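Comments concern the structure below.
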Amino acid sequence: MSARRLRLVQAGPFAFRVDPGTVARVAGAWLALLALGAWGLTLGSYRLPVIDVVRSLLGAGTADTQFIVMTLRLPRVLAAMLVGPALAMSGGIFQGLLRNPLVSPDVIGVNAGASVAAVYWIVTHRPPALLPLIAFAGALAAAAFVYLLTWRGHISGARLILVGIGANALLTAATTAIFLRADVYEAASAYRWMTGSLAGSDWSDVITLAVALAVLVPPGLVLMWPLRALQYGDLTARSLGLPVEGVRLALMAVGCGLSAAAVSVAGPVGFVAFMVPHLARMLAGPPGGGLFLFTGALGGLLLLGADLVGQHALPVSLPVGVITAALGAPYFLFLLYRTNARM
């Protein structure tokens, strides 16, 4: 990025430089997400004109359209617009932290930790309102487990990935064991959650996701510069005065929190956290606050688009996790082939 493209922006006592191109990309991506969400509100077995949707959003629609938009459709659309960014931002953090494009929270055991805790909570009939906290605790416990097993005076990215893959297999086996011991009806409820679906999303889910993003995105933005410094290695980061392990722990906490919030609402939706950061880096460049926000917008576009396809474009309605897996598996194989070809 050329220095001539950066502009100085002052906000009271603060001053920082921004790239107008990055600002335009971020704003365009979020506007596209809002437009896709508005279009999604018109779709369904009962099609609505855009003007009726707008009236309902403003509280001026008829009782029928108000119920369809505000109760049936809007919570699901908003949930997709929030789950997608949470997963994508989490994936961007973990890929940058480990300096490996093949890493995501669902590969190194973070999502599996959230899943095993959430499935146990579901099949034992615990309070559903606490599910996000339980999923977060499971994700954080899995990340801490992987981190401690990897620690040998410092953290090796390659070792962490290998330990994470093993932890992912162990936690997946634990989830299977919980399914086998659960009542068939309880297991069916948890299995629907495990497929990765936005069906049944309500306003409490939207509030949970909105609060999680409001709490976690600001520190994520602050940590983007330290994350960029870590790309050059620990020695370089320490020479710049960074507390390397403290920064790593903070990044892992933010990444786990974002992933856990998304998983607690939609289940372990696969490949969004893996695919989207690649596309964002190709379009917007190296890590930074702009890339972080751009990654979130692309994640929302992918997840909302996949959910709309699963609901309306196929003969049979499919959960969003099935659609993202169908897109992500070939992409993973392609990226793995390309990575091996370069070695």
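Following the order of the structure tokens, first chain is A, next is B, and so on, with residues numbered from 1 inside each chain and ligands from 1 in the order they appear.
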
For range 83-185 of chain A versus range 219-224 of chain A, which residues have an atom no more than 12 Å away, and what is each residue's nearest atom pair and distance in Å rounded to one decimal, using only C-alpha atoms, chain-then-number order, as a Markdown table?
| residue | atom | partner | partner_atom | distance |
| --- | --- | --- | --- | --- |
| A:Ala86 | CA | A:Gly220 | CA | 11.0 |
| A:Met89 | CA | A:Gly220 | CA | 8.6 |
| A:Ser90 | CA | A:Gly220 | CA | 9.3 |
| A:Gly92 | CA | A:Met224 | CA | 10.2 |
| A:Ile93 | CA | A:Gly220 | CA | 8.3 |
| A:Phe94 | CA | A:Gly220 | CA | 11.7 |
| A:Gly96 | CA | A:Met224 | CA | 9.4 |
| A:Leu97 | CA | A:Met224 | CA | 10.2 |

Residues within 7 Å of range 50-59 of chain A, only C-alpha atoms, excluding chain neighbours under 3 positions, as a list in words: Leu41, Thr42, Thr65, Gln66 and Val69 of chain A

Could the residues in this selection be saved with all heavy atoms as an mmCIF file, in the first residue's frame?
data_model
loop_
_atom_site.group_PDB
_atom_site.id
_atom_site.type_symbol
_atom_site.label_atom_id
_atom_site.label_comp_id
_atom_site.auth_asym_id
_atom_site.auth_seq_id
_atom_site.Cartn_x
_atom_site.Cartn_y
_atom_site.Cartn_z
ATOM 1 N N LEU A 41 -35.898 -10.524 2.997
ATOM 2 C CA LEU A 41 -37.167 -10.347 3.700
ATOM 3 C C LEU A 41 -38.363 -10.431 2.767
ATOM 4 O O LEU A 41 -39.495 -10.650 3.215
ATOM 5 C CB LEU A 41 -37.183 -8.999 4.426
ATOM 6 C CG LEU A 41 -36.212 -8.844 5.595
ATOM 7 C CD1 LEU A 41 -36.246 -7.423 6.132
ATOM 8 C CD2 LEU A 41 -36.522 -9.838 6.702
ATOM 9 N N THR A 42 -38.144 -10.268 1.472
ATOM 10 C CA THR A 42 -39.252 -10.356 0.523
ATOM 11 C C THR A 42 -39.530 -11.793 0.100
ATOM 12 O O THR A 42 -40.581 -12.067 -0.499
ATOM 13 C CB THR A 42 -38.960 -9.527 -0.742
ATOM 14 O OG1 THR A 42 -37.892 -10.142 -1.495
ATOM 15 C CG2 THR A 42 -38.563 -8.105 -0.395
ATOM 16 N N THR A 65 -48.517 -8.601 7.355
ATOM 17 C CA THR A 65 -47.142 -8.365 6.900
ATOM 18 C C THR A 65 -46.226 -8.064 8.081
ATOM 19 O O THR A 65 -45.049 -8.457 8.085
ATOM 20 C CB THR A 65 -47.082 -7.215 5.875
ATOM 21 O OG1 THR A 65 -47.608 -6.018 6.485
ATOM 22 C CG2 THR A 65 -47.882 -7.549 4.641
ATOM 23 N N GLN A 66 -46.757 -7.386 9.090
ATOM 24 C CA GLN A 66 -45.955 -7.108 10.288
ATOM 25 C C GLN A 66 -45.525 -8.412 10.954
ATOM 26 O O GLN A 66 -44.371 -8.558 11.371
ATOM 27 C CB GLN A 66 -46.794 -6.269 11.257
ATOM 28 C CG GLN A 66 -45.999 -5.517 12.306
ATOM 29 C CD GLN A 66 -45.409 -4.235 11.766
ATOM 30 O OE1 GLN A 66 -45.699 -3.835 10.651
ATOM 31 N NE2 GLN A 66 -44.539 -3.614 12.553
ATOM 32 N N VAL A 69 -42.881 -10.287 8.573
ATOM 33 C CA VAL A 69 -41.558 -9.652 8.512
ATOM 34 C C VAL A 69 -40.882 -9.639 9.876
ATOM 35 O O VAL A 69 -39.744 -10.099 10.027
ATOM 36 C CB VAL A 69 -41.674 -8.219 7.948
ATOM 37 C CG1 VAL A 69 -40.333 -7.489 8.055
ATOM 38 C CG2 VAL A 69 -42.124 -8.258 6.497
#

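Close contacts of Gly109 in chain A, defined as residues with an atom at most 7 Å away when counting only C-alpha atoms, with chain neighbours fewer than 3 positions off set aside, comprise Pro105, Asp106, Ala112, Gly113, Ala142, Gly164, Ile165, Ala167 and Asn168 of chain A.
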
Contacts of Pro226 in chain A within 8 Å, only C-alpha atoms, excl. fewer than 6 positions in-chain, as a PDB file with N, CA, C and O atoms, in the first residue's frame:
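Saved result, part21.pdb, follows:
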ATOM      1  N   ALA A 237       8.332  -9.017  16.757  1.00  0.00           N
ATOM      2  CA  ALA A 237       7.253  -8.462  17.576  1.00  0.00           C
ATOM      3  C   ALA A 237       7.774  -8.001  18.929  1.00  0.00           C
ATOM      4  O   ALA A 237       7.392  -6.928  19.420  1.00  0.00           O
ATOM      5  N   LEU A 242       6.089  -5.609  21.941  1.00  0.00           N
ATOM      6  CA  LEU A 242       4.832  -6.333  22.157  1.00  0.00           C
ATOM      7  C   LEU A 242       5.009  -7.454  23.176  1.00  0.00           C
ATOM      8  O   LEU A 242       5.974  -8.226  23.087  1.00  0.00           O
ATOM      9  N   VAL A 247      -0.485 -11.005  23.896  1.00  0.00           N
ATOM     10  CA  VAL A 247      -1.240 -10.681  22.683  1.00  0.00           C
ATOM     11  C   VAL A 247      -1.876 -11.938  22.113  1.00  0.00           C
ATOM     12  O   VAL A 247      -3.039 -11.929  21.688  1.00  0.00           O
TER      13      VAL A 247
END

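Atom to atom, CA of Tyr331 in chain A and CA of Met275 in chain A stand 7.5 Å apart.
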
Val217 in chain A environment, 12 Å, only C-alpha atoms, sequence neighbours closer than 3 positions dropped, as a count of residues only: 30

Residue among A:Phe179, A:Phe294, A:Phe332, A:Phe145 lying closest to Tyr191 in chain A, counting only C-alpha atoms: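 Nearest to Tyr191 in chain A: A:Phe179.
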
Helix (DSSP H, G or I) positions in range 52-233 of chain A, given as a ChimeraX atom specification: /A:52-57,63-98,110-123,128-150,157-181,184-194,203-222,224-230

Distance query range 259-268 of chain A at most 6 Å, only C-alpha atoms, self and fewer than 3 positions along chain excluded, as a list in words: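 The contact residues come out as Val83, Leu87, Ser90, Ala114, Pro132, Ala135, Phe136, Trp193, Met194, Gly196, Ser197, Leu198 and Cys256 of chain A.
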
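Closest approach to Ala144 in chain A among A:Val309, A:Met252, A:Ala24, A:Pro49 is made by A:Met252 (distances from only C-alpha atoms).
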
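Checking A:Ala273, A:Leu160, A:Gln231, A:Ser204 one by one against Thr71 in chain A, counting only C-alpha atoms, you find the shortest gap at A:Ser204.
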
Minimum-distance residue to Leu180 in chain A, chosen among A:Val123, A:Leu308, A:Leu235, A:Leu335 (using only C-alpha atoms):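 Nearest to Leu180 in chain A: A:Val123.
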
Test item: residues at most 8 Å from Leu291 in chain A, only C-alpha atoms, excluding those fewer than 3 positions along its chain, as a VMD selection string: chain A and resid 22 26 280 to 281 284 to 288 294 to 295

Export of the given selection (C-alpha atoms) as a PDB file, in the first residue's frame:
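So the final result, stored in result32.pdb, reads:
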ATOM      1  CA  THR A  22     -10.175   0.175   2.012  1.00  0.00           C
ATOM      2  CA  VAL A  26     -15.658  -2.024   3.663  1.00  0.00           C
ATOM      3  CA  ALA A 280     -10.900 -11.016   2.042  1.00  0.00           C
ATOM      4  CA  ARG A 281      -7.085 -11.076   1.934  1.00  0.00           C
ATOM      5  CA  ALA A 284      -8.207  -6.149   0.683  1.00  0.00           C
ATOM      6  CA  GLY A 285      -4.581  -7.001   1.467  1.00  0.00           C
ATOM      7  CA  PRO A 286      -2.712  -7.676   4.735  1.00  0.00           C
ATOM      8  CA  PRO A 287      -4.165  -7.731   8.277  1.00  0.00           C
ATOM      9  CA  GLY A 288      -5.574  -4.490   9.602  1.00  0.00           C
ATOM     10  CA  PHE A 294     -14.258  -6.389   5.388  1.00  0.00           C
ATOM     11  CA  THR A 295     -13.888 -10.045   6.386  1.00  0.00           C
TER      12      THR A 295
END

Pick from A:Leu149, A:Gly40, A:Pro218, A:Ala118 nearest to Ile134 in chain A, counting only C-alpha atoms: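 Closest residue, counting only C-alpha atoms: A:Ala118.
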
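Ranking A:Ala169, A:Gly290, A:Ile178, A:Phe67 by their shortest atom-to-atom distance to Trp225 in chain A, with only C-alpha atoms included, puts A:Gly290 first.
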